[in-house]
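Visitor: This one is coords-v6.cif, mmCIF, C-alpha atoms (C1' of nucleotides).
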data_model
#
loop_
_atom_site.label_atom_id
_atom_site.label_comp_id
_atom_site.auth_asym_id
_atom_site.auth_seq_id
_atom_site.Cartn_x
_atom_site.Cartn_y
_atom_site.Cartn_z
CA MET A 250 35.85 3.51 -15.45
CA GLY A 251 37.64 1.87 -12.58
CA SER A 252 34.69 1.69 -10.27
CA GLN A 253 36.71 0.80 -7.18
CA GLY A 254 35.81 -2.36 -5.24
CA PHE A 255 37.70 -5.21 -6.76
CA LEU A 256 36.67 -8.78 -7.23
CA GLY A 257 37.96 -11.47 -4.96
CA GLU A 258 39.65 -14.49 -6.41
CA PHE A 259 36.66 -16.76 -6.05
CA GLU A 260 34.25 -14.14 -7.28
CA GLN A 261 36.21 -14.00 -10.49
CA LEU A 262 35.96 -17.73 -10.94
CA VAL A 263 32.21 -17.68 -10.41
CA LEU A 264 31.63 -14.86 -12.87
CA LEU A 265 33.81 -16.53 -15.47
CA ALA A 266 32.00 -19.83 -15.08
CA VAL A 267 28.62 -18.19 -15.59
CA ILE A 268 29.88 -16.64 -18.79
CA GLN A 269 31.34 -19.93 -19.91
CA GLU A 270 27.89 -21.49 -19.86
CA GLY A 271 26.75 -19.05 -22.49
CA ASP A 272 24.45 -16.16 -21.89
CA SER A 273 23.10 -17.52 -18.66
CA ALA A 274 23.62 -20.50 -16.42
CA PHE A 275 21.93 -22.54 -13.73
CA ALA A 276 23.55 -22.13 -10.35
CA LEU A 277 24.62 -25.65 -9.73
CA GLU A 278 25.91 -26.11 -13.25
CA VAL A 279 28.19 -23.20 -12.56
CA ARG A 280 29.36 -24.83 -9.40
CA ARG A 281 30.02 -28.10 -11.16
CA MET A 282 31.96 -26.33 -13.89
CA ILE A 283 34.25 -24.66 -11.39
CA GLU A 284 34.85 -27.91 -9.60
CA ASP A 285 35.52 -29.76 -12.84
CA ARG A 286 37.85 -27.25 -14.37
CA THR A 287 39.81 -26.22 -11.32
CA GLY A 288 39.73 -29.37 -9.24
CA ARG A 289 38.67 -27.41 -6.19
CA SER A 290 35.76 -28.59 -4.16
CA ILE A 291 33.19 -25.98 -3.26
CA SER A 292 30.57 -26.27 -0.56
CA ARG A 293 27.08 -25.13 -1.30
CA GLY A 294 27.25 -22.53 1.42
CA ALA A 295 30.41 -21.00 0.06
CA PHE A 296 29.01 -20.99 -3.40
CA TYR A 297 25.64 -19.35 -2.76
CA THR A 298 27.12 -16.84 -0.38
CA THR A 299 29.38 -15.64 -3.12
CA LEU A 300 26.56 -15.58 -5.62
CA ASP A 301 24.49 -13.46 -3.25
CA ARG A 302 27.35 -11.07 -2.75
CA LEU A 303 27.85 -10.67 -6.46
CA GLU A 304 24.17 -9.94 -6.77
CA ARG A 305 24.28 -7.30 -4.05
CA LYS A 306 27.19 -5.67 -5.78
CA GLY A 307 25.23 -5.60 -9.00
CA MET A 308 27.56 -7.90 -10.87
CA ALA A 309 25.15 -10.74 -11.40
CA THR A 310 21.40 -11.27 -11.48
CA TRP A 311 19.15 -14.27 -11.61
CA THR A 312 15.61 -15.29 -12.39
CA GLN A 313 13.52 -18.27 -11.42
CA GLU A 314 13.35 -20.64 -14.31
CA THR A 315 11.49 -23.88 -14.65
CA PRO A 316 13.24 -25.77 -17.39
CA LYS A 317 10.83 -27.78 -19.58
CA ASP A 318 13.45 -30.47 -19.38
CA GLN A 319 11.62 -33.79 -18.87
CA ARG A 320 12.29 -34.99 -15.34
CA ARG A 321 12.30 -31.62 -13.71
CA ARG A 322 11.41 -30.51 -10.25
CA ALA A 323 11.49 -27.13 -8.53
CA PRO A 324 12.35 -23.89 -10.30
CA LEU A 325 16.02 -23.04 -10.48
CA ARG A 326 18.17 -19.98 -10.31
CA LEU A 327 19.27 -18.93 -13.74
CA TYR A 328 22.22 -16.57 -13.55
CA ARG A 329 23.45 -13.82 -15.75
CA VAL A 330 26.50 -11.57 -15.47
CA THR A 331 25.70 -7.88 -15.68
CA PRO A 332 27.70 -5.35 -17.71
CA GLU A 333 29.13 -4.12 -14.40
CA GLY A 334 30.24 -7.65 -13.65
CA LEU A 335 31.94 -7.96 -16.98
CA ASP A 336 33.71 -4.66 -16.45
CA ALA A 337 34.94 -5.74 -13.05
CA LEU A 338 36.21 -8.94 -14.56
CA ARG A 339 38.08 -7.01 -17.22
CA GLU A 340 39.65 -4.76 -14.68
CA SER A 341 40.84 -7.67 -12.58
CA ARG A 342 42.23 -9.32 -15.64
CA ARG A 343 44.00 -6.15 -16.64
CA ALA A 344 45.74 -5.87 -13.30
CA LEU A 345 46.85 -9.47 -13.33
CA ASP A 346 48.02 -9.30 -16.91
CA SER A 347 50.01 -6.16 -16.43
CA LEU A 348 51.95 -7.76 -13.61
CA SER A 349 52.36 -11.08 -15.40
CA ARG A 350 53.91 -9.58 -18.48
CA GLY A 351 56.96 -11.53 -19.52
CA LEU A 352 56.44 -14.25 -16.97
CA ASP A 353 54.41 -16.67 -19.07
CA ALA A 354 57.08 -19.33 -19.19
CA LEU A 355 57.73 -19.08 -15.48
CA LEU A 356 54.05 -19.34 -14.71
CA GLU A 357 53.57 -22.28 -17.05
CA ARG A 358 50.99 -20.31 -18.85
CA GLY A 359 50.37 -21.33 -22.41
CA ARG A 360 50.04 -24.97 -21.53
CA MET B 62 50.60 -30.54 -5.92
CA GLY B 63 47.46 -28.66 -5.02
CA SER B 64 48.55 -27.59 -1.56
CA GLN B 65 45.18 -26.14 -0.55
CA GLY B 66 45.01 -22.57 0.72
CA PHE B 67 44.64 -20.30 -2.24
CA LEU B 68 46.02 -16.88 -2.87
CA GLY B 69 43.86 -13.82 -2.61
CA GLU B 70 43.68 -11.40 -5.48
CA PHE B 71 45.99 -8.88 -3.92
CA GLU B 72 48.43 -11.51 -2.75
CA GLN B 73 48.83 -12.60 -6.32
CA LEU B 74 49.61 -9.09 -7.42
CA VAL B 75 52.24 -8.72 -4.73
CA LEU B 76 53.95 -11.97 -5.55
CA LEU B 77 53.95 -11.18 -9.25
CA ALA B 78 55.43 -7.76 -8.66
CA VAL B 79 58.27 -9.19 -6.59
CA ILE B 80 59.08 -11.58 -9.41
CA GLN B 81 58.90 -8.80 -11.95
CA GLU B 82 61.74 -7.01 -10.20
CA GLY B 83 64.00 -9.91 -10.91
CA ASP B 84 65.19 -12.38 -8.38
CA SER B 85 64.41 -10.16 -5.44
CA ALA B 86 62.93 -6.78 -4.79
CA PHE B 87 62.83 -4.00 -2.22
CA ALA B 88 59.49 -3.70 -0.54
CA LEU B 89 58.55 -0.22 -1.57
CA GLU B 90 59.68 -0.76 -5.13
CA VAL B 91 57.21 -3.58 -5.27
CA ARG B 92 54.52 -1.33 -3.99
CA ARG B 93 55.33 1.35 -6.51
CA MET B 94 55.28 -1.19 -9.32
CA ILE B 95 51.83 -2.38 -8.40
CA GLU B 96 50.55 1.16 -8.21
CA ASP B 97 52.13 2.10 -11.51
CA ARG B 98 50.99 -0.89 -13.47
CA THR B 99 47.51 -1.29 -12.10
CA GLY B 100 46.58 2.26 -11.23
CA ARG B 101 45.42 1.18 -7.81
CA SER B 102 46.60 3.07 -4.79
CA ILE B 103 47.89 1.00 -1.91
CA SER B 104 48.39 2.19 1.64
CA ARG B 105 51.52 1.16 3.45
CA GLY B 106 49.53 -0.68 6.05
CA ALA B 107 47.67 -2.74 3.51
CA PHE B 108 50.87 -3.51 1.73
CA TYR B 109 53.01 -4.66 4.64
CA THR B 110 50.17 -6.60 6.19
CA THR B 111 49.89 -8.64 3.03
CA LEU B 112 53.63 -9.10 2.84
CA ASP B 113 53.67 -10.37 6.41
CA ARG B 114 50.89 -12.77 5.69
CA LEU B 115 52.65 -14.13 2.67
CA GLU B 116 55.71 -14.63 4.79
CA ARG B 117 53.79 -16.52 7.45
CA LYS B 118 52.35 -18.75 4.76
CA GLY B 119 55.86 -19.47 3.52
CA MET B 120 55.36 -17.88 0.13
CA ALA B 121 57.83 -15.07 0.50
CA THR B 122 60.89 -14.28 2.57
CA TRP B 123 63.01 -11.23 3.08
CA THR B 124 66.39 -10.18 4.38
CA GLN B 125 67.72 -6.91 5.64
CA GLU B 126 69.80 -5.33 2.98
CA THR B 127 71.81 -2.15 3.08
CA PRO B 128 72.19 -1.12 -0.52
CA LYS B 129 75.64 0.39 -1.25
CA ASP B 130 73.67 2.89 -3.24
CA GLN B 131 75.19 6.32 -2.47
CA ARG B 132 72.72 8.34 -0.45
CA ARG B 133 71.33 5.48 1.51
CA ARG B 134 69.78 5.36 4.92
CA ALA B 135 68.37 2.50 6.95
CA PRO B 136 68.49 -1.12 5.87
CA LEU B 137 65.61 -2.22 3.71
CA ARG B 138 63.53 -5.32 3.27
CA LEU B 139 64.64 -7.27 0.26
CA TYR B 140 61.96 -9.73 -0.79
CA ARG B 141 62.07 -13.03 -2.52
CA VAL B 142 59.29 -15.39 -3.61
CA THR B 143 59.74 -18.94 -2.37
CA PRO B 144 59.18 -22.04 -4.51
CA GLU B 145 55.94 -22.52 -2.59
CA GLY B 146 54.90 -19.03 -3.53
CA LEU B 147 55.61 -19.69 -7.16
CA ASP B 148 53.59 -22.89 -7.04
CA ALA B 149 50.66 -21.12 -5.48
CA LEU B 150 50.86 -18.49 -8.16
CA ARG B 151 50.81 -21.16 -10.83
CA GLU B 152 47.84 -22.84 -9.33
CA SER B 153 45.89 -19.61 -9.17
CA ARG B 154 46.79 -18.88 -12.72
CA ARG B 155 45.73 -22.33 -13.80
CA ALA B 156 42.30 -21.93 -12.25
CA LEU B 157 41.75 -18.56 -13.83
CA ASP B 158 42.99 -19.71 -17.21
CA SER B 159 40.86 -22.79 -17.29
CA LEU B 160 37.76 -20.73 -16.72
CA SER B 161 38.79 -17.98 -19.12
CA ARG B 162 39.31 -20.32 -22.05
CA GLY B 163 37.69 -18.95 -25.14
CA LEU B 164 36.78 -15.67 -23.56
CA ASP B 165 39.86 -13.67 -24.52
CA ALA B 166 38.04 -11.36 -26.88
CA LEU B 167 35.26 -10.75 -24.41
CA LEU B 168 37.73 -10.02 -21.65
CA GLU B 169 39.79 -7.69 -23.83
CA ARG B 170 42.76 -9.79 -23.15
CA GLY B 171 45.52 -9.48 -25.67
CA ARG B 172 45.28 -5.72 -25.43
"C1'" DA C 86 68.71 20.05 17.99
"C1'" DT C 87 64.64 20.24 15.29
"C1'" DT C 88 62.49 19.31 11.24
"C1'" DT C 89 61.66 16.36 7.40
"C1'" DC C 90 62.20 12.59 4.65
"C1'" DT C 91 61.73 7.60 4.05
"C1'" DC C 92 60.79 2.88 5.76
"C1'" DG C 93 58.54 0.01 8.49
"C1'" DT C 94 55.17 -1.47 12.68
"C1'" DC C 95 50.85 -1.96 14.92
"C1'" DT C 96 45.96 -1.81 15.64
"C1'" DA C 97 41.46 -1.97 14.17
"C1'" DC C 98 37.89 -2.86 11.05
"C1'" DA C 99 35.59 -4.18 6.41
"C1'" DT C 100 35.10 -7.53 2.95
"C1'" DT C 101 35.51 -12.10 1.15
"C1'" DA C 102 35.86 -17.11 1.64
"C1'" DT C 103 34.12 -21.24 3.38
"C1'" DA C 104 31.69 -25.05 5.90
"C1'" DG C 105 27.80 -27.41 7.54
"C1'" DA C 106 23.38 -27.82 9.41
"C1'" DC C 107 18.77 -26.89 8.04
"C1'" DT C 108 14.46 -26.39 4.94
"C1'" DA C 109 11.66 -27.29 0.99
"C1'" DT C 110 10.12 -29.62 -3.08
"C1'" DC C 111 9.68 -33.25 -6.40
"C1'" DG C 112 9.43 -38.12 -7.99
"C1'" DG C 113 9.05 -42.83 -6.96
"C1'" DG C 114 7.84 -46.59 -4.47
"C1'" DT C 115 4.60 -49.10 -1.54
"C1'" DA D 109 -1.46 -40.93 1.35
"C1'" DC D 110 3.19 -41.49 3.41
"C1'" DC D 111 7.96 -42.11 3.54
"C1'" DC D 112 12.35 -42.01 1.20
"C1'" DG D 113 16.13 -40.37 -1.45
"C1'" DA D 114 17.62 -36.86 -4.27
"C1'" DT D 115 18.19 -32.13 -5.61
"C1'" DA D 116 18.12 -26.96 -4.82
"C1'" DG D 117 18.57 -23.47 -2.01
"C1'" DT D 118 18.83 -20.84 2.89
"C1'" DC D 119 20.91 -19.43 7.11
"C1'" DT D 120 24.38 -18.89 10.61
"C1'" DA D 121 28.84 -18.68 12.14
"C1'" DT D 122 33.74 -18.29 11.64
"C1'" DA D 123 38.31 -17.93 9.21
"C1'" DA D 124 41.11 -15.62 5.90
"C1'" DT D 125 42.08 -11.51 3.20
"C1'" DG D 126 42.05 -6.63 2.25
"C1'" DT D 127 42.61 -1.93 3.71
"C1'" DA D 128 43.48 2.47 6.17
"C1'" DG D 129 45.72 5.44 9.26
"C1'" DA D 130 48.13 6.52 13.39
"C1'" DC D 131 52.58 5.72 15.24
"C1'" DG D 132 57.80 5.12 15.82
"C1'" DA D 133 62.80 5.06 14.19
"C1'" DG D 134 66.87 6.36 11.66
"C1'" DA D 135 69.34 9.43 8.53
"C1'" DA D 136 69.92 13.79 6.52
"C1'" DA D 137 69.25 18.62 5.93
"C1'" DT D 138 68.74 22.93 8.06
#
Please rewrite the model in this file as C-alpha coordinates.

Guide:
Amino acid sequence: MGSQGFLGEFEQLVLLAVIQEGDSAFALEVRRMIEDRTGRSISRGAFYTTLDRLERKGMATWTQETPKDQRRRAPLRLYRVTPEGLDALRESRRALDSLSRGLDALLERGR
Amino acid sequence: MGSQGFLGEFEQLVLLAVIQEGDSAFALEVRRMIEDRTGRSISRGAFYTTLDRLERKGMATWTQETPKDQRRRAPLRLYRVTPEGLDALRESRRALDSLSRGLDALLERGR
DNA sequence: ATTTCTCGTCTACATTATAGACTATCGGGT
DNA sequence: ACCCGATAGTCTATAATGTAGACGAGAAAT
(Lines of atoms letter the chains of each structure in order from A and count residues from 1; the text may use other names and numbers.)
(Lines give C-alpha, C1' and ligand atoms only; values in the text may rest on other atoms or scores of the structure.)
Protein backbone atom coordinates (compact mmCIF):
# COMPACT_ATOMS: atom_id res chain seq x y z
CA MET A 1 0.00 0.00 0.00
CA GLY A 2 1.05 3.57 -0.50
CA SER A 3 3.60 3.68 2.25
CA GLN A 4 4.02 7.45 2.23
CA GLY A 5 7.50 8.91 1.73
CA PHE A 6 8.09 9.27 -1.95
CA LEU A 7 11.24 8.82 -3.92
CA GLY A 8 13.19 11.77 -5.13
CA GLU A 9 14.05 12.08 -8.78
CA PHE A 10 17.62 10.92 -8.39
CA GLU A 11 16.69 8.13 -6.05
CA GLN A 12 14.47 6.74 -8.75
CA LEU A 13 17.30 6.78 -11.25
CA VAL A 14 19.61 4.97 -8.86
CA LEU A 15 17.09 2.26 -8.05
CA LEU A 16 16.30 1.75 -11.71
CA ALA A 17 19.96 1.47 -12.62
CA VAL A 18 20.56 -1.19 -9.99
CA ILE A 19 17.69 -3.19 -11.40
CA GLN A 20 18.98 -2.72 -14.91
CA GLU A 21 22.19 -4.50 -13.98
CA GLY A 22 20.22 -7.61 -13.20
CA ASP A 23 19.58 -8.95 -9.76
CA SER A 24 22.36 -6.99 -8.16
CA ALA A 25 24.97 -4.48 -9.15
CA PHE A 26 28.30 -3.05 -8.09
CA ALA A 27 28.05 0.52 -6.91
CA LEU A 28 30.27 2.17 -9.42
CA GLU A 29 28.80 0.23 -12.31
CA VAL A 30 25.48 1.70 -11.33
CA ARG A 31 26.97 5.13 -11.33
CA ARG A 32 28.52 4.62 -14.73
CA MET A 33 25.24 3.35 -16.12
CA ILE A 34 23.39 6.44 -14.97
CA GLU A 35 26.02 8.70 -16.44
CA ASP A 36 26.06 6.82 -19.72
CA ARG A 37 22.34 6.62 -20.22
CA THR A 38 21.32 10.04 -19.00
CA GLY A 39 24.37 12.10 -19.86
CA ARG A 40 24.43 13.58 -16.39
CA SER A 41 27.63 13.64 -14.45
CA ILE A 42 27.43 12.43 -10.88
CA SER A 43 30.00 13.05 -8.19
CA ARG A 44 30.96 10.21 -5.93
CA GLY A 45 29.71 12.08 -2.90
CA ALA A 46 26.30 12.66 -4.39
CA PHE A 47 26.08 9.09 -5.46
CA TYR A 48 27.00 7.35 -2.22
CA THR A 49 24.96 9.73 -0.15
CA THR A 50 21.91 8.74 -2.09
CA LEU A 51 22.77 5.07 -1.85
CA ASP A 52 23.09 5.40 1.92
CA ARG A 53 19.77 7.14 2.15
CA LEU A 54 18.06 4.45 0.14
CA GLU A 55 19.58 1.90 2.47
CA ARG A 56 18.34 3.72 5.56
CA LYS A 57 14.88 3.85 4.07
CA GLY A 58 15.01 0.13 3.47
CA MET A 59 14.83 0.38 -0.29
CA ALA A 60 18.22 -1.05 -1.06
CA THR A 61 20.79 -3.26 0.62
CA TRP A 62 24.33 -4.26 -0.13
CA THR A 63 26.94 -6.83 0.75
CA GLN A 64 30.69 -6.87 0.51
CA GLU A 65 31.71 -8.90 -2.47
CA THR A 66 35.15 -9.79 -3.70
CA PRO A 67 34.73 -10.63 -7.33
CA LYS A 68 36.99 -13.50 -8.46
CA ASP A 69 37.55 -11.38 -11.52
CA GLN A 70 41.27 -11.58 -12.37
CA ARG A 71 42.84 -8.21 -11.62
CA ARG A 72 40.78 -7.41 -8.59
CA ARG A 73 41.51 -5.38 -5.54
CA ALA A 74 39.42 -4.47 -2.50
CA PRO A 75 35.95 -5.84 -1.84
CA LEU A 76 33.11 -3.92 -3.42
CA ARG A 77 29.59 -2.97 -2.55
CA LEU A 78 27.14 -5.18 -4.32
CA TYR A 79 23.69 -3.62 -4.33
CA ARG A 80 20.24 -5.04 -4.43
CA VAL A 81 16.84 -3.34 -4.52
CA THR A 82 14.46 -4.53 -1.83
CA PRO A 83 10.77 -5.32 -2.39
CA GLU A 84 10.00 -2.04 -0.63
CA GLY A 85 12.24 -0.26 -3.09
CA LEU A 86 10.48 -1.83 -6.01
CA ASP A 87 7.12 -0.85 -4.59
CA ALA A 88 8.22 2.73 -4.13
CA LEU A 89 9.45 2.77 -7.69
CA ARG A 90 6.10 1.50 -8.91
CA GLU A 91 4.25 4.10 -6.97
CA SER A 92 6.38 6.90 -8.37
CA ARG A 93 5.89 5.56 -11.83
CA ARG A 94 2.16 5.34 -11.31
CA ALA A 95 1.93 8.98 -10.30
CA LEU A 96 3.98 10.15 -13.23
CA ASP A 97 2.10 8.00 -15.69
CA SER A 98 -1.28 9.09 -14.51
CA LEU A 99 -0.38 12.71 -15.10
CA SER A 100 1.36 12.04 -18.41
CA ARG A 101 -1.60 10.31 -19.95
CA GLY A 102 -2.23 11.59 -23.44
CA LEU A 103 0.89 13.70 -23.52
CA ASP A 104 3.27 11.19 -25.08
CA ALA A 105 3.67 13.08 -28.32
CA LEU A 106 4.22 16.36 -26.53
CA LEU A 107 6.79 14.81 -24.26
CA GLU A 108 8.60 13.12 -27.13
CA ARG A 109 8.08 9.87 -25.41
CA GLY A 110 8.14 6.84 -27.63
CA ARG A 111 11.34 7.88 -29.31
CA MET B 1 19.89 21.37 -24.82
CA GLY B 2 20.58 19.93 -21.40
CA SER B 3 20.17 23.15 -19.47
CA GLN B 4 21.35 21.73 -16.14
CA GLY B 5 19.14 22.10 -13.08
CA PHE B 6 16.76 19.20 -13.01
CA LEU B 7 13.18 19.03 -11.92
CA GLY B 8 12.22 17.48 -8.63
CA GLU B 9 9.64 14.75 -8.52
CA PHE B 10 6.85 16.98 -7.34
CA GLU B 11 7.77 19.76 -9.74
CA GLN B 12 7.28 17.33 -12.57
CA LEU B 13 3.85 16.40 -11.34
CA VAL B 14 2.84 20.03 -11.11
CA LEU B 15 4.04 20.89 -14.58
CA LEU B 16 2.34 17.86 -16.05
CA ALA B 17 -0.93 18.69 -14.36
CA VAL B 18 -0.89 22.24 -15.73
CA ILE B 19 -0.41 20.84 -19.22
CA GLN B 20 -3.16 18.32 -18.70
CA GLU B 21 -5.65 21.12 -18.18
CA GLY B 22 -5.00 22.34 -21.66
CA ASP B 23 -3.07 25.41 -22.55
CA SER B 24 -3.41 26.93 -19.12
CA ALA B 25 -4.90 26.07 -15.79
CA PHE B 26 -6.16 27.62 -12.58
CA ALA B 27 -3.94 26.92 -9.64
CA LEU B 28 -6.32 25.02 -7.45
CA GLU B 29 -7.63 22.97 -10.33
CA VAL B 30 -4.10 21.81 -10.85
CA ARG B 31 -3.84 20.89 -7.24
CA ARG B 32 -7.09 18.98 -7.33
CA MET B 33 -5.99 17.10 -10.43
CA ILE B 34 -2.80 15.96 -8.80
CA GLU B 35 -4.66 14.82 -5.72
CA ASP B 36 -7.28 13.01 -7.76
CA ARG B 37 -4.95 11.23 -10.09
CA THR B 38 -2.20 10.30 -7.70
CA GLY B 39 -4.07 9.90 -4.46
CA ARG B 40 -1.55 12.08 -2.67
CA SER B 41 -2.77 14.88 -0.49
CA ILE B 42 -1.09 18.23 -0.99
CA SER B 43 -1.23 21.16 1.40
CA ARG B 44 -1.74 24.61 -0.02
CA GLY B 45 1.59 25.75 1.30
CA ALA B 46 3.47 22.94 -0.35
CA PHE B 47 1.65 23.55 -3.56
CA TYR B 48 2.13 27.29 -3.92
CA THR B 49 5.72 27.11 -2.77
CA THR B 50 6.48 24.76 -5.62
CA LEU B 51 4.57 26.90 -8.07
CA ASP B 52 6.58 29.94 -7.00
CA ARG B 53 9.79 28.07 -7.38
CA LEU B 54 8.89 26.93 -10.85
CA GLU B 55 8.10 30.50 -11.71
CA ARG B 56 11.46 31.74 -10.44
CA LYS B 57 13.17 29.09 -12.52
CA GLY B 58 11.29 30.31 -15.57
CA MET B 59 9.37 27.10 -16.10
CA ALA B 60 5.91 28.44 -15.46
CA THR B 61 4.15 31.78 -15.53
CA TRP B 62 0.76 33.00 -14.47
CA THR B 63 -1.61 35.87 -14.97
CA GLN B 64 -4.48 37.18 -12.93
CA GLU B 65 -7.69 36.07 -14.48
CA THR B 66 -11.23 36.88 -13.50
CA PRO B 67 -13.31 34.11 -14.98
CA LYS B 68 -16.68 35.36 -16.30
CA ASP B 69 -18.00 32.24 -14.69
CA GLN B 70 -21.25 33.25 -12.92
CA ARG B 71 -20.73 33.07 -9.18
CA ARG B 72 -17.17 34.22 -9.19
CA ARG B 73 -15.16 36.00 -6.59
CA ALA B 74 -11.57 37.20 -6.56
CA PRO B 75 -9.23 36.95 -9.52
CA LEU B 76 -7.36 33.70 -9.80
CA ARG B 77 -3.94 32.58 -10.87
CA LEU B 78 -4.02 31.14 -14.34
CA TYR B 79 -0.91 29.09 -15.00
CA ARG B 80 1.00 28.28 -18.11
CA VAL B 81 4.07 26.12 -18.67
CA THR B 82 6.86 27.88 -20.52
CA PRO B 83 8.88 26.32 -23.35
CA GLU B 84 11.72 25.99 -20.84
CA GLY B 85 9.41 24.10 -18.54
CA LEU B 86 8.41 21.76 -21.30
CA ASP B 87 12.04 21.13 -22.17
CA ALA B 88 12.89 20.35 -18.58
CA LEU B 89 9.98 17.96 -18.44
CA ARG B 90 11.22 16.22 -21.56
CA GLU B 91 14.68 15.89 -20.20
CA SER B 92 13.43 14.38 -16.96
CA ARG B 93 11.30 12.00 -18.90
CA ARG B 94 14.19 11.03 -21.10
CA ALA B 95 16.37 10.15 -18.13
CA LEU B 96 13.67 8.07 -16.51
CA ASP B 97 12.80 6.31 -19.74
CA SER B 98 16.35 5.44 -20.58
CA LEU B 99 16.78 3.74 -17.25
CA SER B 100 13.38 2.05 -17.35
CA ARG B 101 13.96 0.39 -20.70
CA GLY B 102 12.96 -3.22 -20.59
CA LEU B 103 11.49 -3.00 -17.14
CA ASP B 104 7.90 -2.22 -18.07
CA ALA B 105 6.51 -5.51 -16.85
CA LEU B 106 8.42 -5.30 -13.60
CA LEU B 107 7.25 -1.76 -13.02
CA GLU B 108 3.63 -2.61 -13.82
CA ARG B 109 3.69 0.01 -16.45
CA GLY B 110 1.08 -0.38 -19.12
CA ARG B 111 -1.54 -0.90 -16.45
C1' DA C 1 -21.68 43.50 10.40
C1' DT C 2 -20.26 38.93 11.32
C1' DT C 3 -19.51 34.59 9.73
C1' DT C 4 -17.96 31.50 6.25
C1' DC C 5 -16.25 30.21 2.06
C1' DT C 6 -12.39 30.20 -1.19
C1' DC C 7 -7.77 31.69 -2.78
C1' DG C 8 -3.47 32.94 -1.91
C1' DT C 9 0.87 34.45 1.24
C1' DC C 10 4.44 33.73 4.50
C1' DT C 11 7.40 31.36 7.68
C1' DA C 12 9.71 27.55 9.27
C1' DC C 13 11.54 23.09 8.99
C1' DA C 14 12.49 18.25 6.93
C1' DT C 15 14.27 15.73 3.20
C1' DT C 16 16.94 15.23 -0.91
C1' DA C 17 20.65 16.57 -4.05
C1' DT C 18 25.30 17.52 -4.81
C1' DA C 19 30.35 18.63 -4.56
C1' DG C 20 34.90 17.97 -3.04
C1' DA C 21 38.35 16.88 0.12
C1' DC C 22 39.94 12.91 2.53
C1' DT C 23 41.16 7.82 3.56
C1' DA C 24 42.29 3.17 2.41
C1' DT C 25 43.73 -0.61 -0.41
C1' DC C 26 45.74 -2.96 -4.27
C1' DG C 27 49.07 -3.64 -8.11
C1' DG C 28 53.16 -2.35 -10.36
C1' DG C 29 57.44 -0.55 -10.77
C1' DT C 30 62.11 0.21 -9.02
C1' DA D 1 60.36 -2.33 1.09
C1' DC D 2 58.67 2.15 -0.72
C1' DC D 3 56.39 5.19 -3.68
C1' DC D 4 53.05 5.93 -7.29
C1' DG D 5 48.81 5.85 -9.73
C1' DA D 6 44.45 3.98 -9.82
C1' DT D 7 40.14 2.56 -7.82
C1' DA D 8 36.53 2.37 -4.05
C1' DG D 9 34.47 4.34 -0.56
C1' DT D 10 33.81 7.98 3.61
C1' DC D 11 32.79 12.33 5.62
C1' DT D 12 31.39 17.09 5.93
C1' DA D 13 29.08 20.92 4.43
C1' DT D 14 25.77 23.39 1.72
C1' DA D 15 22.10 24.13 -1.87
C1' DA D 16 17.73 22.84 -3.71
C1' DT D 17 13.26 20.68 -3.06
C1' DG D 18 9.32 19.18 -0.42
C1' DT D 19 5.88 19.96 3.06
C1' DA D 20 2.79 21.77 6.71
C1' DG D 21 0.17 25.10 9.03
C1' DA D 22 -0.83 29.64 10.61
C1' DC D 23 -2.27 33.87 8.64
C1' DG D 24 -4.70 37.52 5.69
C1' DA D 25 -8.07 39.22 2.03
C1' DG D 26 -12.19 39.45 -0.74
C1' DA D 27 -16.88 37.99 -1.80
C1' DA D 28 -21.11 36.10 -0.42
C1' DA D 29 -24.53 34.51 2.73
C1' DT D 30 -26.85 35.26 6.92

Visitor: Check what the PyMOL selection byres ((chain B) within 10 of (chain C)) selects in the file above and give those residues as a list in words.

Guide: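 For this structure, the PyMOL selection byres ((chain B) within 10 of (chain C)) captures Gly69, Ala88, Leu89, Arg105, Gly106, Tyr109, Thr110, Arg134, Ala135, Pro136, Leu137 and Arg138 of chain B.
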
Visitor: Please expand the PyMOL selection byres ((chain D) within 12 of (chain B)) into the concrete residues it hits in this file, giving the result as a list in words.

Guide: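 This file, filtered by the PyMOL selection byres ((chain D) within 12 of (chain B)), leaves DA123, DA124, DT125, DG126, DT127, DA128, DG129, DA130, DC131, DA133, DG134, DA135 and DA136 of chain D.
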
Visitor: Which residues of chain A are close to chain B, meaning at most 7 Å apart when you count all atoms listed in the file, and how do they look as a ChimeraX atom specification?

Guide: /A:257-258,262,265-266,286-287,339,344-345,347-349,356-357

Visitor: Have a look at atom C1' of D:DC119 and atom CA of A:Phe275 and let me know their distance in Å, one decimal.

Guide: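 A separation of 21.1 Å between them.
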
Visitor: Kindly give the distance, in Å, that separates atom CA of B:Gly119 and atom C1' of D:DG132, rounded to a single decimal.

Guide: 27.6 Å

Visitor: Enter the distance from atom CA of A:Gln313 to atom C1' of D:DC112, in Å, rounded to one decimal.

Guide: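 If I compute the distance from atom CA of A:Gln313 to atom C1' of D:DC112, I get 26.9 Å.
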
Visitor: In the coordinate frame of the file, compute which residues have an atom within 9 Å of (23.9, -5.0, -15.5) when using only C-alpha atoms (C1' of nucleotides), and state them as a PyMOL selection string.

Guide: chain A and resi 307-310+329-335
